[in-house]
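Trainee: So here's work35.csv, just CSV, C-alpha atoms and all ligand atoms:
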chain,number,residue,atom,x,y,z
A,235,MET,CA,140.3,123.2,107.2
A,236,ASN,CA,136.9,122.0,108.4
A,237,MET,CA,137.0,118.4,109.7
A,238,PRO,CA,133.9,116.2,109.0
A,239,PRO,CA,132.2,114.9,112.2
A,240,ALA,CA,134.0,112.1,113.8
A,241,VAL,CA,132.9,108.5,113.3
A,242,LEU,CA,134.3,107.3,116.6
A,243,VAL,CA,134.9,109.5,119.7
A,244,ILE,CA,136.4,108.1,122.8
A,245,ASP,CA,136.8,110.8,125.4
A,246,ASN,CA,138.7,110.4,128.7
A,247,LEU,CA,137.3,106.9,129.2
A,248,SER,CA,138.1,105.0,132.3
A,249,LEU,CA,137.1,101.3,132.8
A,250,GLU,CA,137.9,98.8,135.5
A,251,PHE,CA,137.3,95.1,136.1
A,252,PRO,CA,136.3,94.7,139.7
A,253,ALA,CA,137.3,91.5,141.4
A,254,TRP,CA,137.1,90.1,144.8
A,255,ARG,CA,140.7,90.9,145.9
A,256,SER,CA,141.7,93.8,143.6
A,257,THR,CA,140.3,95.9,140.8
A,258,ALA,CA,142.2,96.1,137.6
A,259,LYS,CA,142.1,99.7,136.3
A,260,VAL,CA,142.4,98.8,132.6
A,261,LEU,CA,141.5,102.0,130.9
A,262,ASN,CA,142.6,105.2,132.5
A,263,GLY,CA,141.4,108.2,130.6
A,264,VAL,CA,141.9,107.0,127.0
A,265,SER,CA,140.9,109.5,124.3
A,266,LEU,CA,140.9,109.0,120.6
A,267,ARG,CA,138.8,109.9,117.6
A,268,LEU,CA,138.4,108.7,114.0
A,269,HIS,CA,137.2,110.8,111.1
A,270,PRO,CA,135.6,109.3,107.9
A,271,GLY,CA,138.0,107.5,105.7
A,272,GLU,CA,141.0,107.6,108.1
A,273,ILE,CA,143.1,104.6,108.8
A,274,VAL,CA,144.3,105.0,112.3
A,275,GLY,CA,146.7,102.7,114.2
A,276,VAL,CA,146.6,101.9,117.9
A,277,ILE,CA,149.8,100.5,119.2
A,278,GLY,CA,151.2,99.4,122.5
A,279,GLU,CA,152.6,96.4,124.3
A,280,SER,CA,150.4,93.5,125.3
A,281,GLY,CA,148.1,94.5,128.2
A,282,SER,CA,147.9,98.2,127.3
A,283,GLY,CA,144.1,98.0,126.8
A,284,LYS,CA,143.8,98.0,123.1
A,285,SER,CA,141.4,95.0,122.8
A,286,VAL,CA,139.3,96.2,125.7
A,287,THR,CA,138.9,99.6,124.0
A,288,ALA,CA,137.9,97.8,120.7
A,289,LEU,CA,135.5,95.4,122.4
A,290,LEU,CA,133.9,98.2,124.4
A,291,SER,CA,133.3,100.2,121.2
A,292,LEU,CA,130.9,97.5,120.1
A,293,ARG,CA,129.8,96.7,123.7
A,294,LEU,CA,131.1,93.2,123.3
A,295,LEU,CA,132.6,93.0,126.8
A,296,ALA,CA,130.5,90.7,129.1
A,297,GLU,CA,128.0,93.0,130.8
A,298,HIS,CA,128.5,93.3,134.6
A,299,SER,CA,132.1,92.2,134.3
A,300,TYR,CA,133.3,95.7,134.0
A,301,ARG,CA,132.6,99.2,135.2
A,302,VAL,CA,133.0,102.4,133.3
A,303,THR,CA,134.0,105.0,135.8
A,304,ALA,CA,134.5,108.1,133.6
A,305,GLY,CA,134.3,109.4,130.1
A,306,GLN,CA,132.2,108.7,127.0
A,307,LEU,CA,132.2,106.6,123.8
A,308,ARG,CA,130.3,107.7,120.7
A,309,VAL,CA,129.9,106.0,117.4
A,310,LEU,CA,128.4,108.2,114.7
A,311,GLY,CA,127.2,110.5,117.5
A,312,ARG,CA,125.4,107.6,119.3
A,313,ASP,CA,126.3,107.1,123.0
A,314,MET,CA,127.4,103.5,122.9
A,315,LEU,CA,127.6,103.2,126.7
A,316,ALA,CA,123.8,103.9,127.0
A,317,ALA,CA,122.7,101.9,124.0
A,318,SER,CA,120.1,99.2,124.5
A,319,GLU,CA,120.7,95.6,123.4
A,320,ALA,CA,118.2,96.1,120.5
A,321,GLN,CA,120.1,99.2,119.4
A,322,LEU,CA,123.4,97.3,119.6
A,323,LEU,CA,122.1,94.6,117.3
A,324,LYS,CA,121.4,97.2,114.7
A,325,VAL,CA,124.7,99.0,115.1
A,326,ARG,CA,127.0,96.0,115.0
A,327,GLY,CA,127.8,95.1,111.4
A,328,ARG,CA,125.8,98.0,110.0
A,329,ASP,CA,127.6,101.0,111.6
A,330,ILE,CA,130.7,99.2,113.0
A,331,ALA,CA,132.2,96.0,111.8
A,332,MET,CA,135.0,94.2,113.6
A,333,ILE,CA,137.7,91.8,112.5
A,334,PHE,CA,139.6,89.7,115.0
A,335,GLN,CA,143.0,88.1,115.1
A,336,GLU,CA,141.8,84.5,114.6
A,337,PRO,CA,139.0,84.2,112.1
A,338,MET,CA,138.4,80.6,113.1
A,339,THR,CA,136.8,81.9,116.3
A,340,ALA,CA,134.5,84.3,114.3
A,341,LEU,CA,133.5,81.7,111.7
A,342,ASN,CA,131.3,78.8,112.6
A,343,PRO,CA,133.4,75.6,111.8
A,344,THR,CA,130.4,73.5,111.0
A,345,ARG,CA,128.8,75.6,108.3
A,346,ARG,CA,130.0,76.5,104.8
A,347,ILE,CA,131.3,80.0,104.2
A,348,GLY,CA,128.6,80.8,101.7
A,349,ARG,CA,125.8,80.1,104.2
A,350,GLN,CA,127.5,82.2,106.9
A,351,MET,CA,128.0,85.1,104.5
A,352,LEU,CA,124.3,85.0,103.4
A,353,ASP,CA,123.2,85.1,107.1
A,354,VAL,CA,125.3,88.2,107.8
A,355,ILE,CA,124.3,90.0,104.6
A,356,ARG,CA,120.6,89.3,105.0
A,357,HIS,CA,120.7,90.3,108.7
A,358,HIS,CA,120.9,94.0,107.8
A,359,GLN,CA,119.7,94.1,104.3
A,360,PRO,CA,116.4,93.0,102.8
A,361,LEU,CA,117.8,90.9,100.0
A,362,SER,CA,116.5,87.7,98.4
A,363,LYS,CA,118.7,84.7,98.6
A,364,ALA,CA,119.8,85.1,95.0
A,365,GLN,CA,120.6,88.8,95.5
A,366,ALA,CA,122.5,88.1,98.7
A,367,THR,CA,124.5,85.3,96.9
A,368,GLU,CA,125.3,87.8,94.2
A,369,ARG,CA,126.5,90.3,96.8
A,370,ALA,CA,128.6,87.7,98.5
A,371,VAL,CA,130.3,86.7,95.3
A,372,SER,CA,131.1,90.3,94.4
A,373,LEU,CA,132.4,91.0,97.9
A,374,LEU,CA,134.8,88.0,97.6
A,375,ARG,CA,135.8,89.2,94.2
A,376,ASP,CA,136.7,92.6,95.7
A,377,MET,CA,139.0,90.7,98.0
A,378,HIS,CA,140.8,89.4,94.8
A,379,ILE,CA,139.4,85.9,95.5
A,380,ALA,CA,139.6,84.3,92.0
A,381,ASP,CA,137.0,81.6,92.6
A,382,PRO,CA,134.3,82.9,95.0
A,383,GLU,CA,131.9,80.0,94.4
A,384,ALA,CA,134.5,77.5,95.5
A,385,VAL,CA,135.3,79.5,98.6
A,386,MET,CA,131.6,79.8,99.4
A,387,ALA,CA,131.2,76.0,99.1
A,388,SER,CA,134.1,75.4,101.6
A,389,TYR,CA,134.1,75.0,105.3
A,390,PRO,CA,136.4,77.4,107.2
A,391,PHE,CA,139.0,74.7,108.0
A,392,GLU,CA,139.4,74.0,104.3
A,393,LEU,CA,140.8,77.5,103.7
A,394,SER,CA,144.2,78.9,104.5
A,395,GLY,CA,144.5,81.5,107.3
A,396,GLY,CA,145.0,84.2,104.8
A,397,MET,CA,142.0,83.2,102.8
A,398,ARG,CA,139.8,83.0,106.0
A,399,GLN,CA,140.9,86.5,106.9
A,400,ARG,CA,140.0,87.8,103.4
A,401,VAL,CA,136.5,86.2,103.9
A,402,MET,CA,136.3,88.1,107.2
A,403,ILE,CA,137.2,91.4,105.6
A,404,ALA,CA,134.7,90.7,102.8
A,405,LEU,CA,132.0,90.1,105.5
A,406,ALA,CA,133.1,93.2,107.5
A,407,PHE,CA,132.4,95.3,104.4
A,408,SER,CA,129.2,93.6,103.5
A,409,CYS,CA,126.9,96.3,104.9
A,410,ASP,CA,129.3,99.2,104.0
A,411,PRO,CA,129.9,100.2,107.7
A,412,PRO,CA,131.4,103.7,108.2
A,413,LEU,CA,133.7,102.2,110.9
A,414,LEU,CA,135.8,99.1,110.9
A,415,ILE,CA,137.8,97.9,113.9
A,416,ALA,CA,140.5,95.4,113.2
A,417,ASP,CA,142.2,93.9,116.3
A,418,GLU,CA,145.5,92.3,115.3
A,419,PRO,CA,143.9,91.1,112.1
A,420,THR,CA,147.0,89.6,110.6
A,421,THR,CA,149.1,88.6,113.7
A,422,ALA,CA,148.5,84.9,113.0
A,423,LEU,CA,149.6,85.2,109.4
A,424,ASP,CA,153.1,85.1,107.9
A,425,VAL,CA,154.6,88.3,106.8
A,426,THR,CA,153.9,88.1,103.1
A,427,VAL,CA,150.3,87.2,103.6
A,428,GLN,CA,150.0,89.8,106.3
A,429,ARG,CA,151.0,92.5,103.8
A,430,GLN,CA,148.6,91.2,101.1
A,431,VAL,CA,145.7,91.1,103.5
A,432,LEU,CA,146.3,94.6,104.8
A,433,LEU,CA,146.8,96.0,101.3
A,434,LEU,CA,143.4,94.6,100.4
A,435,LEU,CA,141.9,96.0,103.6
A,436,ARG,CA,143.3,99.5,102.9
A,437,GLU,CA,142.2,99.4,99.2
A,438,LYS,CA,138.7,98.5,100.2
A,439,ALA,CA,138.5,101.1,103.0
A,440,ARG,CA,139.8,103.8,100.7
A,441,ALA,CA,137.3,102.9,98.0
A,442,ARG,CA,134.4,103.0,100.5
A,443,ASN,CA,135.6,105.9,102.7
A,444,THR,CA,135.6,103.6,105.7
A,445,ALA,CA,137.3,104.7,108.8
A,446,VAL,CA,139.6,101.9,110.1
A,447,LEU,CA,141.0,101.5,113.6
A,448,LEU,CA,143.9,99.1,113.2
A,449,ILE,CA,145.0,97.6,116.4
A,450,THR,CA,148.5,96.1,116.4
A,451,HIS,CA,151.6,95.7,118.5
A,452,ASP,CA,153.7,96.0,115.3
A,453,MET,CA,155.0,99.5,114.6
A,454,ALA,CA,156.1,98.4,111.1
A,455,LEU,CA,152.5,97.8,110.1
A,456,VAL,CA,151.4,101.1,111.4
A,457,SER,CA,154.1,102.9,109.4
A,458,GLN,CA,153.1,101.1,106.3
A,459,PHE,CA,149.3,101.2,106.5
A,460,CYS,CA,148.1,104.1,108.8
A,461,ASP,CA,147.5,107.8,108.4
A,462,ARG,CA,147.7,108.5,112.1
A,463,VAL,CA,148.6,106.6,115.2
A,464,TYR,CA,147.8,106.5,118.9
A,465,VAL,CA,150.3,105.0,121.3
A,466,MET,CA,148.7,103.4,124.3
A,467,TYR,CA,150.2,102.5,127.7
A,468,THR,CA,148.3,101.3,130.8
A,469,GLY,CA,145.0,102.3,129.3
A,470,ALA,CA,145.8,105.8,128.2
A,471,VAL,CA,147.2,107.5,125.1
A,472,VAL,CA,150.8,108.6,125.7
A,473,GLU,CA,151.4,110.0,122.2
A,474,HIS,CA,149.4,110.5,119.0
A,475,GLY,CA,149.9,112.2,115.7
A,476,PRO,CA,150.4,111.7,112.0
A,477,VAL,CA,152.4,108.5,111.4
A,478,HIS,CA,155.2,110.3,109.6
A,479,ALA,CA,155.6,112.8,112.4
A,480,VAL,CA,155.5,110.1,115.2
A,481,MET,CA,157.9,107.9,113.3
A,482,ALA,CA,160.4,110.7,112.4
A,483,GLN,CA,160.2,112.4,115.8
A,484,PRO,CA,158.8,110.3,118.5
A,485,GLN,CA,158.4,112.5,121.6
A,486,HIS,CA,157.5,110.1,124.4
A,487,PRO,CA,160.2,107.8,125.7
A,488,TYR,CA,157.8,104.9,125.5
A,489,THR,CA,157.3,105.5,121.7
A,490,GLN,CA,161.0,105.9,121.3
A,491,GLY,CA,161.4,102.6,122.9
A,492,LEU,CA,158.9,100.9,120.7
A,493,LEU,CA,160.6,102.3,117.6
A,494,ALA,CA,164.0,101.3,118.7
A,495,ALA,CA,162.6,97.8,118.9
A,496,LEU,CA,161.8,97.8,115.2
A,497,PRO,CA,164.1,95.4,113.3
A,498,GLY,CA,164.8,98.0,110.6
A,499,GLN,CA,166.2,100.4,113.2
A,500,ALA,CA,168.9,98.1,114.4
A,501,ARG,CA,172.3,97.7,112.7
A,502,PRO,CA,172.5,94.3,111.0
A,503,GLY,CA,173.5,91.7,113.6
A,504,ALA,CA,173.0,94.1,116.5
A,505,GLU,CA,170.6,93.0,119.3
A,506,LEU,CA,167.1,94.3,119.2
A,507,HIS,CA,166.4,96.9,121.7
A,508,SER,CA,163.6,96.3,124.1
A,509,ILE,CA,162.1,98.4,126.7
A,510,ARG,CA,163.3,97.4,130.2
A,511,GLY,CA,161.0,96.3,132.9
A,512,GLN,CA,157.3,95.3,132.6
A,513,VAL,CA,153.9,96.9,132.3
A,514,PRO,CA,152.9,97.7,135.9
A,515,ASP,CA,150.2,95.7,137.7
A,516,LEU,CA,146.9,97.4,136.7
A,517,ALA,CA,145.5,96.7,140.1
A,518,GLU,CA,148.3,98.7,141.7
A,519,LEU,CA,149.1,101.5,139.2
A,520,PRO,CA,151.6,104.0,140.4
A,521,SER,CA,150.4,107.6,140.7
A,522,GLY,CA,152.0,110.1,138.3
A,523,CYS,CA,153.4,108.9,135.0
A,524,THR,CA,152.8,105.1,134.9
A,525,PHE,CA,155.9,104.7,132.6
A,526,ARG,CA,158.4,106.4,134.9
A,527,GLU,CA,159.8,103.2,136.5
A,528,ARG,CA,160.8,102.0,133.1
A,529,CYS,CA,161.9,105.4,131.7
A,530,ASP,CA,165.6,106.4,131.4
A,531,LYS,CA,164.6,110.0,131.4
A,532,ALA,CA,162.4,110.1,134.5
A,533,MET,CA,162.6,113.2,136.7
A,534,PRO,CA,160.9,114.5,139.8
A,535,ALA,CA,158.1,116.1,137.8
A,536,CYS,CA,157.0,112.6,136.7
A,537,ALA,CA,155.4,112.0,140.1
A,538,GLN,CA,152.5,114.1,138.7
A,539,ARG,CA,150.6,112.6,135.8
A,540,PRO,CA,151.4,114.4,132.5
A,541,LEU,CA,148.5,115.3,130.3
A,542,LEU,CA,148.6,115.3,126.5
A,543,ARG,CA,150.1,118.4,125.1
A,544,GLY,CA,151.9,119.6,122.0
A,545,HIS,CA,151.8,121.7,118.9
A,546,GLY,CA,148.9,121.0,116.5
A,547,ASP,CA,148.0,117.4,115.9
A,548,HIS,CA,151.2,115.7,117.3
A,549,GLN,CA,150.8,115.4,121.1
A,550,ARG,CA,152.5,113.5,124.0
A,551,ALA,CA,151.8,113.0,127.6
A,552,CYS,CA,155.2,113.6,129.0
A,553,TRP,CA,156.9,116.4,131.0
A,554,LEU,CA,160.1,116.4,128.9
A,555,GLU,CA,160.5,119.3,126.6
A,556,VAL,CA,161.0,118.4,122.9
A,557,GLY,CA,163.6,120.1,120.8
A,558,PRO,CA,162.6,122.5,118.0
B,1,LIG,N1,137.3,90.4,131.2
B,1,LIG,C1,138.4,90.8,131.8
B,1,LIG,N2,138.4,90.7,133.2
B,1,LIG,C2,139.5,91.1,133.8
B,1,LIG,N3,140.6,91.7,133.3
B,1,LIG,C3,140.6,91.8,131.9
B,1,LIG,C4,139.5,91.3,131.1
B,1,LIG,N4,139.8,91.6,129.8
B,1,LIG,C5,141.0,92.1,129.8
B,1,LIG,N5,141.5,92.3,131.0
B,1,LIG,C6,142.8,92.9,131.4
B,1,LIG,O1,142.9,94.1,130.8
B,1,LIG,C7,144.2,94.5,130.4
B,1,LIG,C8,144.2,94.9,129.0
B,1,LIG,O2,143.9,93.9,128.2
B,1,LIG,P1,143.8,94.0,126.6
B,1,LIG,O3,142.9,95.1,126.2
B,1,LIG,O4,143.4,92.7,126.1
B,1,LIG,O5,145.3,94.4,126.2
B,1,LIG,P2,145.9,94.5,124.7
B,1,LIG,O6,144.9,94.2,123.7
B,1,LIG,O7,146.5,95.9,124.6
B,1,LIG,O8,147.0,93.5,124.8
B,1,LIG,C9,145.0,93.2,130.7
B,1,LIG,O9,145.7,93.3,131.9
B,1,LIG,C10,144.0,92.1,130.8
B,1,LIG,O10,144.4,91.1,131.6
B,2,MG,MG,144.7,92.7,122.3
For this file, produce the structure as structure tokens.
Mentor:
Amino acid sequence: MNMPPAVLVIDNLSLEFPAWRSTAKVLNGVSLRLHPGEIVGVIGESGSGKSVTALLSLRLLAEHSYRVTAGQLRVLGRDMLAASEAQLLKVRGRDIAMIFQEPMTALNPTRRIGRQMLDVIRHHQPLSKAQATERAVSLLRDMHIADPEAVMASYPFELSGGMRQRVMIALAFSCDPPLLIADEPTTALDVTVQRQVLLLLREKARARNTAVLLITHDMALVSQFCDRVYVMYTGAVVEHGPVHAVMAQPQHPYTQGLLAALPGQARPGAELHSIRGQVPDLAELPSGCTFRERCDKAMPACAQRPLLRGHGDHQRACWLEVGP
């Protein structure tokens, strides 16, 4: 099968935050790619570099605070690491949209929703005020918001968390971007609302053939909403593949640990499993496999860094052999 060209390509990317005493090596050769219309999860414990990867994809990290030491990052073929500020202003919103965990920080608290939506819509599209209003209303309707006019007349604080996140998704789709990056978009919401919001996001993405990078620390969300998944640890991918394959036969001990921590996996009443130990200090990363100090299956070979390998599209960075 011929794959269409990738929407997002991150290839062997390494990034550090230099500081006076020590340098945090936050990304260490991360590689991932997204094809049109795919919904792809990125999962890993806190501190594994998920948000830094997302922010760098839009070049939203404070310039001069970080250093890219290797690799490349392309969006629709464009080298994002070399893009000028003027190019970035065009790319953001039009080619890539981003949704964050807490929409209160992305929305201006002092302005009504409608005015903020019109600003975003008219930034990239030459529409009259009336046309932009029409567009805003239809975007909100697509998010199954029954009374778009009332929402547009509201201030952000007057809406529930779930409603604010629906507004953010509507805004993210306003210019029909081929790529949407959602960083823990529903972590602040309760489980029922979380599910509703992600169902809407997926419905909209499927209808527009939008590629979605869904960043989460919740394996249950990945299994429900994603086609493929990348598992990140200390700024690198340790396993990736189709969600059904990774869930059914996780190959990396780290992925196995994340899955064992899922509530559904434990017997009722049994204690939830968690991976022992902690993510290592990124300023003093061990050489070799960075997971080996926490791994029950570590062996002498783990002193060398394992590269991604595997059959077909399910790969892991681990020296262990997997059964047939
Ligand atoms: N601006 C920054 N300066 C220094 N270190 C940072 C900065 N932003 C993130 N980090 C560090 O990078 C690591 C990865 O962070 P992040 O990408 O937010 O992790 P995740 O989203 O997977 O929880 C963390 O150790 C974090 O402290
Ligand atoms: Mg994060």
Trainee: What are the closest atom pairs, with distances in Å to one decimal, for all residues of chain A lying within 12 Å of ligand MG 2 (chain B)? Consider all atoms listed in the file, order rows by chain and residue number, and present the result as CSV.
Mentor:
residue,atom,partner,partner_atom,distance
A:Val276,CA,B:MG2,MG,10.4
A:Ile277,CA,B:MG2,MG,9.8
A:Gly278,CA,B:MG2,MG,9.3
A:Glu279,CA,B:MG2,MG,8.9
A:Ser280,CA,B:MG2,MG,6.5
A:Gly281,CA,B:MG2,MG,7.0
A:Ser282,CA,B:MG2,MG,8.1
A:Gly283,CA,B:MG2,MG,7.0
A:Lys284,CA,B:MG2,MG,5.4
A:Ser285,CA,B:MG2,MG,4.1
A:Val286,CA,B:MG2,MG,7.3
A:Thr287,CA,B:MG2,MG,9.2
A:Ala288,CA,B:MG2,MG,8.6
A:Leu289,CA,B:MG2,MG,9.6
A:Phe334,CA,B:MG2,MG,9.4
A:Gln335,CA,B:MG2,MG,8.7
A:Glu336,CA,B:MG2,MG,11.6
A:Ala416,CA,B:MG2,MG,10.4
A:Asp417,CA,B:MG2,MG,6.6
A:Glu418,CA,B:MG2,MG,7.1
A:Pro419,CA,B:MG2,MG,10.4
A:Thr421,CA,B:MG2,MG,10.5
A:Leu448,CA,B:MG2,MG,11.2
A:Ile449,CA,B:MG2,MG,7.7
A:Thr450,CA,B:MG2,MG,7.8
A:His451,CA,B:MG2,MG,8.4
A:Asp452,CA,B:MG2,MG,11.9
A:Met466,CA,B:MG2,MG,11.6
A:Gly469,CA,B:MG2,MG,11.9
Trainee: Kindly indicate which residue among A:Thr468, A:Leu516, A:Leu315, A:Glu437 lies nearest to Phe251 in chain A, using all atoms listed in the file for the distances.
Mentor: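 Ranking A:Thr468, A:Leu516, A:Leu315, A:Glu437 by distance to Phe251 in chain A, first place goes to A:Leu516.
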Trainee: Which residues come within 6 Å of range 260-275 of chain A, counting all atoms listed in the file, excluding same-chain residues fewer than 5 positions away, as a ChimeraX atom specification?
Mentor: /A:240-250,443-449,456,460-463,469-471
Trainee: Name all residues at most 12 Å from Glu392 in chain A (count all atoms listed in the file; drop same-chain ones fewer than 4 positions away) and give them as an NGL selection string.
Mentor: :A and (338 or 343-347 or 384-388 or 396-398)
Trainee: Go ahead and write the selection's residues with C-alpha atoms as an mmCIF file, in the frame of the given file.
Mentor:
data_model
loop_
_atom_site.group_PDB
_atom_site.id
_atom_site.type_symbol
_atom_site.label_atom_id
_atom_site.label_comp_id
_atom_site.auth_asym_id
_atom_site.auth_seq_id
_atom_site.Cartn_x
_atom_site.Cartn_y
_atom_site.Cartn_z
ATOM 1 C CA MET A 338 138.400 80.600 113.100
ATOM 2 C CA PRO A 343 133.400 75.600 111.800
ATOM 3 C CA THR A 344 130.400 73.500 111.000
ATOM 4 C CA ARG A 345 128.800 75.600 108.300
ATOM 5 C CA ARG A 346 130.000 76.500 104.800
ATOM 6 C CA ILE A 347 131.300 80.000 104.200
ATOM 7 C CA ALA A 384 134.500 77.500 95.500
ATOM 8 C CA VAL A 385 135.300 79.500 98.600
ATOM 9 C CA MET A 386 131.600 79.800 99.400
ATOM 10 C CA ALA A 387 131.200 76.000 99.100
ATOM 11 C CA SER A 388 134.100 75.400 101.600
ATOM 12 C CA GLY A 396 145.000 84.200 104.800
ATOM 13 C CA MET A 397 142.000 83.200 102.800
ATOM 14 C CA ARG A 398 139.800 83.000 106.000
#
Trainee: Need the shell around Glu473 in chain A: protein/DNA/RNA residues with any atom at most 12 Å away, counting only C-alpha atoms. Skip same-chain ones fewer than 2 positions apart. Format as an mmCIF file with C-alpha atoms, in the coordinates of the input?
Mentor:
data_model
loop_
_atom_site.group_PDB
_atom_site.id
_atom_site.type_symbol
_atom_site.label_atom_id
_atom_site.label_comp_id
_atom_site.auth_asym_id
_atom_site.auth_seq_id
_atom_site.Cartn_x
_atom_site.Cartn_y
_atom_site.Cartn_z
ATOM 1 C CA VAL A 264 141.900 107.000 127.000
ATOM 2 C CA SER A 265 140.900 109.500 124.300
ATOM 3 C CA LEU A 266 140.900 109.000 120.600
ATOM 4 C CA GLY A 275 146.700 102.700 114.200
ATOM 5 C CA VAL A 276 146.600 101.900 117.900
ATOM 6 C CA ILE A 277 149.800 100.500 119.200
ATOM 7 C CA GLY A 278 151.200 99.400 122.500
ATOM 8 C CA ARG A 462 147.700 108.500 112.100
ATOM 9 C CA VAL A 463 148.600 106.600 115.200
ATOM 10 C CA TYR A 464 147.800 106.500 118.900
ATOM 11 C CA VAL A 465 150.300 105.000 121.300
ATOM 12 C CA MET A 466 148.700 103.400 124.300
ATOM 13 C CA TYR A 467 150.200 102.500 127.700
ATOM 14 C CA ALA A 470 145.800 105.800 128.200
ATOM 15 C CA VAL A 471 147.200 107.500 125.100
ATOM 16 C CA GLY A 475 149.900 112.200 115.700
ATOM 17 C CA PRO A 476 150.400 111.700 112.000
ATOM 18 C CA VAL A 477 152.400 108.500 111.400
ATOM 19 C CA ALA A 479 155.600 112.800 112.400
ATOM 20 C CA VAL A 480 155.500 110.100 115.200
ATOM 21 C CA MET A 481 157.900 107.900 113.300
ATOM 22 C CA GLN A 483 160.200 112.400 115.800
ATOM 23 C CA PRO A 484 158.800 110.300 118.500
ATOM 24 C CA GLN A 485 158.400 112.500 121.600
ATOM 25 C CA HIS A 486 157.500 110.100 124.400
ATOM 26 C CA PRO A 487 160.200 107.800 125.700
ATOM 27 C CA TYR A 488 157.800 104.900 125.500
ATOM 28 C CA THR A 489 157.300 105.500 121.700
ATOM 29 C CA GLN A 490 161.000 105.900 121.300
ATOM 30 C CA LEU A 492 158.900 100.900 120.700
ATOM 31 C CA PRO A 540 151.400 114.400 132.500
ATOM 32 C CA LEU A 541 148.500 115.300 130.300
ATOM 33 C CA LEU A 542 148.600 115.300 126.500
ATOM 34 C CA ARG A 543 150.100 118.400 125.100
ATOM 35 C CA GLY A 544 151.900 119.600 122.000
ATOM 36 C CA ASP A 547 148.000 117.400 115.900
ATOM 37 C CA HIS A 548 151.200 115.700 117.300
ATOM 38 C CA GLN A 549 150.800 115.400 121.100
ATOM 39 C CA ARG A 550 152.500 113.500 124.000
ATOM 40 C CA ALA A 551 151.800 113.000 127.600
ATOM 41 C CA CYS A 552 155.200 113.600 129.000
#
